[in-house]
>>> print(open('start-v2.txt').read())   # compact mmCIF, C-alpha atoms
# COMPACT_ATOMS: atom_id res chain seq x y z
CA SER A 27 75.69 95.99 81.82
CA GLU A 28 79.28 97.15 82.29
CA THR A 29 82.39 96.08 80.37
CA PHE A 30 85.92 95.89 81.79
CA LYS A 31 89.43 95.15 80.52
CA TYR A 32 90.65 92.00 82.26
CA LYS A 33 94.03 90.24 82.30
CA LEU A 34 93.89 86.47 82.66
CA LYS A 35 96.70 85.24 84.93
CA SER A 36 96.98 81.83 83.28
CA ASN A 37 98.04 83.19 79.88
CA ASN A 38 98.78 86.91 80.50
CA LEU A 39 96.31 87.91 77.75
CA PHE A 40 93.72 90.68 77.93
CA TYR A 41 90.00 90.05 77.57
CA ALA A 42 86.84 92.11 77.72
CA VAL A 43 84.48 91.06 80.52
CA LYS A 44 80.87 92.18 80.24
CA ARG A 45 78.91 91.79 83.46
CA TYR A 46 75.22 92.00 84.38
CA PRO A 47 73.93 92.32 87.95
CA GLN A 48 71.96 89.24 89.00
CA ASP A 49 68.94 91.29 90.06
CA ALA A 50 68.50 92.33 86.41
CA PHE A 51 67.17 88.83 85.72
CA LEU A 52 64.15 89.00 87.99
CA SER A 53 62.22 89.74 84.80
CA SER A 54 61.59 86.69 82.60
CA GLU A 55 61.92 88.89 79.51
CA ARG A 56 65.43 89.97 80.56
CA GLU A 57 66.36 86.35 81.19
CA ILE A 58 65.25 85.48 77.66
CA ASP A 59 67.23 88.43 76.27
CA PHE A 60 70.39 87.28 78.07
CA GLN A 61 70.06 83.65 76.94
CA ARG A 62 69.49 84.80 73.37
CA GLU A 63 72.49 87.17 73.46
CA LYS A 64 74.70 84.36 74.77
CA SER A 65 73.43 81.87 72.18
CA ALA A 66 73.78 84.36 69.32
CA LEU A 67 77.35 85.33 70.29
CA PHE A 68 78.44 81.70 70.59
CA ASP A 69 76.97 80.97 67.14
CA ILE A 70 78.67 84.03 65.64
CA SER A 71 81.99 83.15 67.31
CA LYS A 72 82.04 79.73 65.62
CA LYS A 73 82.09 81.46 62.22
CA ASN A 74 85.07 83.75 62.99
CA SER A 75 83.86 87.14 61.79
CA PRO A 76 86.76 89.65 61.80
CA ASN A 77 84.40 92.49 62.74
CA ILE A 78 82.60 90.93 65.71
CA PRO A 79 84.39 90.08 68.98
CA LYS A 80 84.34 86.41 69.95
CA LEU A 81 82.60 85.11 73.06
CA PHE A 82 84.91 82.62 74.79
CA ASN A 83 83.02 81.67 77.95
CA THR A 84 80.32 82.64 80.45
CA PHE A 85 80.29 82.33 84.24
CA GLU A 86 78.52 83.81 87.25
CA ASP A 87 78.67 84.38 90.98
CA SER A 88 76.10 85.51 93.53
CA SER A 89 76.28 89.13 92.35
CA TYR A 90 76.88 89.06 88.58
CA ARG A 91 76.76 87.12 85.34
CA TYR A 92 79.79 87.50 83.09
CA LEU A 93 80.60 87.19 79.39
CA LEU A 94 84.32 86.62 78.67
CA MET A 95 85.01 88.14 75.25
CA GLU A 96 87.77 89.10 72.84
CA TYR A 97 89.46 92.38 73.79
CA TYR A 98 90.48 95.09 71.33
CA GLU A 99 91.67 98.68 71.61
CA GLY A 100 89.57 101.47 70.13
CA GLN A 101 86.76 103.95 70.69
CA ASN A 102 83.14 103.97 69.65
CA LEU A 103 82.05 106.13 66.73
CA GLU A 104 80.21 108.55 69.01
CA SER A 105 83.50 109.36 70.77
CA TYR A 106 85.40 109.26 67.48
CA LEU A 107 83.08 111.89 65.99
CA GLN A 108 83.44 114.17 69.01
CA ALA A 109 87.24 113.89 68.84
CA THR A 110 87.40 114.65 65.10
CA LYS A 111 88.03 118.27 64.16
CA GLY A 112 85.87 119.23 61.21
CA ASN A 113 84.27 116.53 59.10
CA ILE A 114 85.18 112.86 58.98
CA ASP A 115 86.96 112.20 55.69
CA GLU A 116 84.71 110.76 52.97
CA LYS A 117 87.07 107.82 52.45
CA ILE A 118 86.68 106.91 56.13
CA ILE A 119 82.88 107.16 55.87
CA ILE A 120 82.89 104.81 52.87
CA HIS A 121 85.28 102.44 54.66
CA ILE A 122 83.00 102.29 57.75
CA LEU A 123 79.99 101.74 55.49
CA LYS A 124 81.69 98.93 53.63
CA GLU A 125 82.89 97.13 56.76
CA MET A 126 79.51 97.48 58.46
CA LEU A 127 77.59 96.24 55.40
CA LYS A 128 79.96 93.25 55.23
CA THR A 129 79.26 92.59 58.91
CA LEU A 130 75.49 92.89 58.55
CA SER A 131 75.50 90.66 55.44
CA PHE A 132 77.38 88.05 57.44
CA LEU A 133 74.99 88.36 60.38
CA HIS A 134 71.82 88.23 58.30
CA ASN A 135 72.79 85.64 55.68
CA ASP A 136 75.29 83.36 57.44
CA CYS A 137 74.05 83.55 61.04
CA HIS A 138 70.35 84.42 60.47
CA ILE A 139 70.61 87.02 63.22
CA MET A 140 69.53 90.66 63.32
CA HIS A 141 71.32 93.01 65.70
CA ARG A 142 68.43 95.45 66.38
CA ASN A 143 70.59 98.02 68.16
CA ILE A 144 72.89 99.51 65.49
CA LYS A 145 74.06 102.96 66.58
CA PRO A 146 77.39 104.85 66.71
CA SER A 147 78.09 103.85 70.32
CA ASN A 148 77.94 100.15 69.34
CA ILE A 149 80.48 100.49 66.52
CA ILE A 150 84.17 100.53 67.51
CA ILE A 151 87.03 101.92 65.43
CA ASP A 152 90.73 101.52 66.26
CA LYS A 153 93.81 103.54 65.27
CA ASN A 154 94.14 101.49 62.05
CA ASN A 155 90.46 102.10 61.18
CA ASN A 156 89.50 98.50 61.88
CA ILE A 157 85.78 98.23 62.66
CA LYS A 158 84.08 96.08 65.32
CA LEU A 159 80.36 95.72 66.02
CA VAL A 160 79.35 95.22 69.66
CA GLY A 161 76.19 95.51 71.78
CA PHE A 162 74.36 92.25 71.00
CA SER A 163 72.03 92.34 74.00
CA LEU A 164 68.99 92.84 71.73
CA ALA A 165 69.98 90.42 68.97
CA ALA A 166 67.32 88.05 67.63
CA TYR A 167 67.27 85.01 65.37
CA LEU A 168 65.60 85.47 62.01
CA ARG A 169 64.79 81.79 61.62
CA ASN A 170 63.94 79.07 64.06
CA LYS A 171 67.06 76.92 64.41
CA ASN A 172 66.07 75.43 67.76
CA LYS A 173 67.19 78.63 69.42
CA MET A 174 65.25 80.90 71.77
CA LEU A 175 63.37 83.36 69.57
CA VAL A 176 61.89 86.78 70.18
CA SER A 177 58.61 87.91 68.71
CA ARG A 178 59.40 89.68 65.45
CA ASN A 179 56.83 92.38 66.18
CA SER A 180 58.39 93.36 69.51
CA PHE A 181 59.93 96.79 69.98
CA LYS A 182 63.67 96.87 70.57
CA GLY A 183 66.52 99.32 70.17
CA GLN A 184 67.24 102.98 70.82
CA ILE A 185 64.23 104.98 69.66
CA LYS A 186 66.01 107.61 67.56
CA TYR A 187 67.81 104.98 65.42
CA THR A 188 64.85 102.57 65.14
CA ALA A 189 63.25 101.72 61.79
CA PRO A 190 59.68 103.01 61.23
CA GLU A 191 58.24 99.52 60.74
CA ILE A 192 59.11 98.84 64.38
CA LEU A 193 58.41 102.30 65.73
CA PHE A 194 55.03 102.80 64.06
CA GLY A 195 54.02 99.20 63.38
CA THR A 196 50.99 97.50 64.91
CA GLN A 197 50.95 94.33 66.98
CA VAL A 198 50.37 92.22 63.86
CA ASP A 199 53.10 93.86 61.75
CA THR A 200 56.37 92.01 61.26
CA TYR A 201 59.85 93.23 60.39
CA ASP A 202 63.04 91.69 59.09
CA ALA A 203 66.78 92.33 58.96
CA LYS A 204 66.32 95.55 56.96
CA VAL A 205 65.75 97.28 60.32
CA ASP A 206 69.53 97.01 60.83
CA VAL A 207 70.15 98.67 57.45
CA PHE A 208 67.89 101.57 58.44
CA SER A 209 69.74 102.03 61.74
CA LEU A 210 73.10 101.90 59.95
CA GLY A 211 71.92 104.56 57.50
CA TYR A 212 70.87 106.81 60.37
CA SER A 213 74.20 106.19 62.13
CA ILE A 214 76.26 107.04 59.05
CA TYR A 215 74.18 110.14 58.37
CA TYR A 216 74.86 111.20 61.96
CA LEU A 217 78.61 110.80 61.40
CA MET A 218 78.40 112.92 58.24
CA ASN A 219 76.30 115.74 59.69
CA LYS A 220 76.66 115.51 63.49
CA GLU A 221 72.89 115.29 63.76
CA LEU A 222 70.19 112.81 62.75
CA PRO A 223 67.88 113.32 59.76
CA SER A 224 64.87 113.52 62.08
CA ASP A 225 63.77 114.18 65.64
CA THR A 226 61.99 111.26 67.31
CA LYS A 227 59.79 112.03 70.30
CA VAL A 228 57.46 110.20 72.65
CA MET A 229 54.14 111.90 73.39
CA ASN A 230 51.37 110.20 75.39
CA SER A 231 52.95 106.77 74.79
CA TYR A 232 53.03 107.41 71.01
CA PHE A 233 56.10 108.00 68.84
CA SER A 234 56.43 110.88 66.41
CA ARG A 235 59.22 111.60 63.96
CA GLU A 236 59.76 114.94 62.25
CA ASN A 237 62.19 115.10 59.32
CA LYS A 238 64.83 117.83 59.17
CA PRO A 239 66.24 119.47 56.03
CA LEU A 240 68.99 117.26 54.61
CA LYS A 241 72.55 118.60 54.64
CA THR A 242 74.57 117.74 51.54
CA ASN A 243 77.36 120.33 51.48
CA ASN A 244 80.17 118.31 53.06
CA TYR A 245 80.08 115.10 51.00
CA SER A 246 79.63 114.04 47.40
CA PRO A 247 76.00 113.86 46.20
CA GLY A 248 76.39 110.20 45.25
CA LEU A 249 77.40 109.23 48.77
CA VAL A 250 74.59 111.28 50.32
CA LYS A 251 72.04 109.67 48.00
CA PHE A 252 73.36 106.19 48.83
CA VAL A 253 73.17 106.79 52.60
CA GLU A 254 69.64 108.20 52.24
CA SER A 255 68.59 104.99 50.46
CA LEU A 256 69.59 102.98 53.52
CA PHE A 257 67.06 104.74 55.73
CA SER A 258 64.13 104.82 53.31
CA ASN A 259 60.89 104.76 55.30
CA ASP A 260 59.48 102.31 52.74
CA LYS A 261 61.22 99.04 53.56
CA SER A 262 60.37 97.65 50.10
CA LYS A 263 62.62 100.37 48.62
CA ARG A 264 65.34 99.91 51.22
CA PRO A 265 68.15 97.56 50.13
CA SER A 266 69.22 94.57 52.15
CA ALA A 267 72.74 94.67 53.57
CA SER A 268 74.12 92.43 50.80
CA GLU A 269 72.34 94.47 48.09
CA ALA A 270 73.70 97.72 49.53
CA LEU A 271 77.21 96.25 49.70
CA LYS A 272 77.12 95.37 45.98
CA ILE A 273 75.98 98.91 45.13
CA LEU A 274 78.73 100.41 47.27
CA GLU A 275 81.44 98.19 45.77
CA ASN A 276 80.31 98.94 42.21
CA ASP A 277 79.70 102.68 42.54
CA PHE A 278 82.54 103.69 44.88
CA LYS A 279 85.51 101.71 43.54
CA LYS A 280 87.68 104.81 43.24
>>> encode(input="start-v2.txt", output="structure tokens")
Amino acid sequence: SETFKYKLKSNNLFYAVKRYPQDAFLSSEREIDFQREKSALFDISKKNSPNIPKLFNTFEDSSYRYLLMEYYEGQNLESYLQATKGNIDEKIIIHILKEMLKTLSFLHNDCHIMHRNIKPSNIIIDKNNNIKLVGFSLAAYLRNKNKMLVSRNSFKGQIKYTAPEILFGTQVDTYDAKVDVFSLGYSIYYLMNKELPSDTKVMNSYFSRENKPLKTNNYSPGLVKFVESLFSNDKSKRPSASEALKILENDFKK
């Protein structure tokens, strides 16, 4: 997909237009993904989350399908990190964490949706440090609400940010919304250290992940420990988004 800034002549307002080439939908799986993305974004838009852009309309022509969405200025966190000299301030890290955990709690508890593609390039920050979550093309419903569902044991997302229960699970294993918490933990760790806590590789159709030594010099030990808890390999020890938000609000008030 590609996304463009678009000015609507009827009201002189700017919108974001995301477009997909029609030949991308020759695959039935991609058609299902698109219908689910559209359905999820319409459901989310009805609930008015401040951190997720609204979907206003969809349309198509012979060449493309389009999503007409809320427009906002900003850059993704990947670009933000590259443009930042030195380390990102700890207060900004905590602010991004808090806003993202609020957003994931809303998604998981109010919308029953998991994002499945949390990574720095799908998180937008503007000049006032407002946070927006984008990139819902892999979103899936957690519960059957007469919506098109994806198999919960299917593999989705960018490999290096993907939770181990997806990456190394079997065909009968299931996973839940904590996969988003894992990916957020990896994303935040990347912002703090400019590298991920592990290298993920594909060898002979199998995934392998080798842990790196943790870096703790630039940030307070409490923050490092909290971020590490988000990407625990044991999902039973990993907090949900709402649990993590309570911990953050209680332990990092100052």
>>> atom_distance(input="start-v2.txt", atom1="CA of Tyr187 (chain A)", atom2="CA of Ser209 (chain A)")
5.1 Å
>>> closest_residue(input="start-v2.txt", among="A:Gly211, A:Gly100, A:Gly112, A:Pro79", to="Lys124 (chain A)", atoms="all atoms listed in the file")
A:Gly211
>>> residues_around(input="start-v2.txt", residues="Ser255 (chain A)", least_positions_apart="6", cutoff="8 Å", atoms="all atoms listed in the file", output="PyMOL selection string")
chain A and resi 211+263-265
>>> atom_distance(input="start-v2.txt", atom1="CA of Asn259 (chain A)", atom2="CA of Pro247 (chain A)")
19.8 Å
>>> residues_around(input="start-v2.txt", residues="region 32-49 of chain A", least_positions_apart="6", cutoff="6 Å", atoms="all atoms listed in the file", output="tab-separated table (two decimals) with C-alpha atoms, in the frame of the given file")
chain	number	residue	atom	x	y	z
A	89	SER	CA	76.28	89.13	92.35
A	90	TYR	CA	76.88	89.06	88.58
A	91	ARG	CA	76.76	87.12	85.34
A	92	TYR	CA	79.79	87.50	83.09
A	93	LEU	CA	80.60	87.19	79.39
A	94	LEU	CA	84.32	86.62	78.67
A	95	MET	CA	85.01	88.14	75.25
A	96	GLU	CA	87.77	89.10	72.84
A	97	TYR	CA	89.46	92.38	73.79
>>> atom_distance(input="start-v2.txt", atom1="CA of Tyr106 (chain A)", atom2="CA of Leu222 (chain A)")
16.3 Å
>>> residues_around(input="start-v2.txt", residues="Met126 (chain A)", least_positions_apart="6", cutoff="9 Å", atoms="all atoms listed in the file", output="ChimeraX atom specification")
/A:77,149,157-159,210,267
>>> residues_around(input="start-v2.txt", residues="Ile70 (chain A)", least_positions_apart="3", cutoff="10 Å", atoms="all atoms listed in the file", output="short mmCIF file (atom, residue, chain, number, x, y, z; two decimals) with C-alpha atoms, in the frame of the given file")
data_model
loop_
_atom_site.label_atom_id
_atom_site.label_comp_id
_atom_site.auth_asym_id
_atom_site.auth_seq_id
_atom_site.Cartn_x
_atom_site.Cartn_y
_atom_site.Cartn_z
CA LYS A 64 74.70 84.36 74.77
CA SER A 65 73.43 81.87 72.18
CA ALA A 66 73.78 84.36 69.32
CA LEU A 67 77.35 85.33 70.29
CA LYS A 73 82.09 81.46 62.22
CA ASN A 74 85.07 83.75 62.99
CA SER A 75 83.86 87.14 61.79
CA ILE A 78 82.60 90.93 65.71
CA PRO A 79 84.39 90.08 68.98
CA LYS A 80 84.34 86.41 69.95
CA LEU A 81 82.60 85.11 73.06
CA PHE A 132 77.38 88.05 57.44
CA LEU A 133 74.99 88.36 60.38
CA ASP A 136 75.29 83.36 57.44
CA CYS A 137 74.05 83.55 61.04
CA HIS A 138 70.35 84.42 60.47
CA ILE A 139 70.61 87.02 63.22
#
>>> closest_residue(input="start-v2.txt", among="A:Leu240, A:Val207, A:Val253, A:Ala270", to="Ile119 (chain A)", atoms="all atoms listed in the file")
A:Val253
>>> residues_around(input="start-v2.txt", residues="Glu116 (chain A)", least_positions_apart="2", cutoff="12 Å", atoms="all atoms listed in the file", output="VMD selection string")
chain A and resid 112 to 114 118 to 123 214 to 215 217 to 219 244 to 250 278 280
>>> closest_residue(input="start-v2.txt", among="A:Phe51, A:Ser105, A:Ser268, A:Phe30", to="Glu125 (chain A)", atoms="only C-alpha atoms")
A:Ser268
>>> closest_residue(input="start-v2.txt", among="A:Asn148, A:Asn135, A:Thr188, A:Ser53", to="Phe233 (chain A)", atoms="all atoms listed in the file")
A:Thr188
>>> residues_near_point(input="start-v2.txt", point="(64.4, 105.1, 59.2)", cutoff="6 Å", atoms="all atoms listed in the file", output="ChimeraX atom specification")
/A:189-190,208,257-259
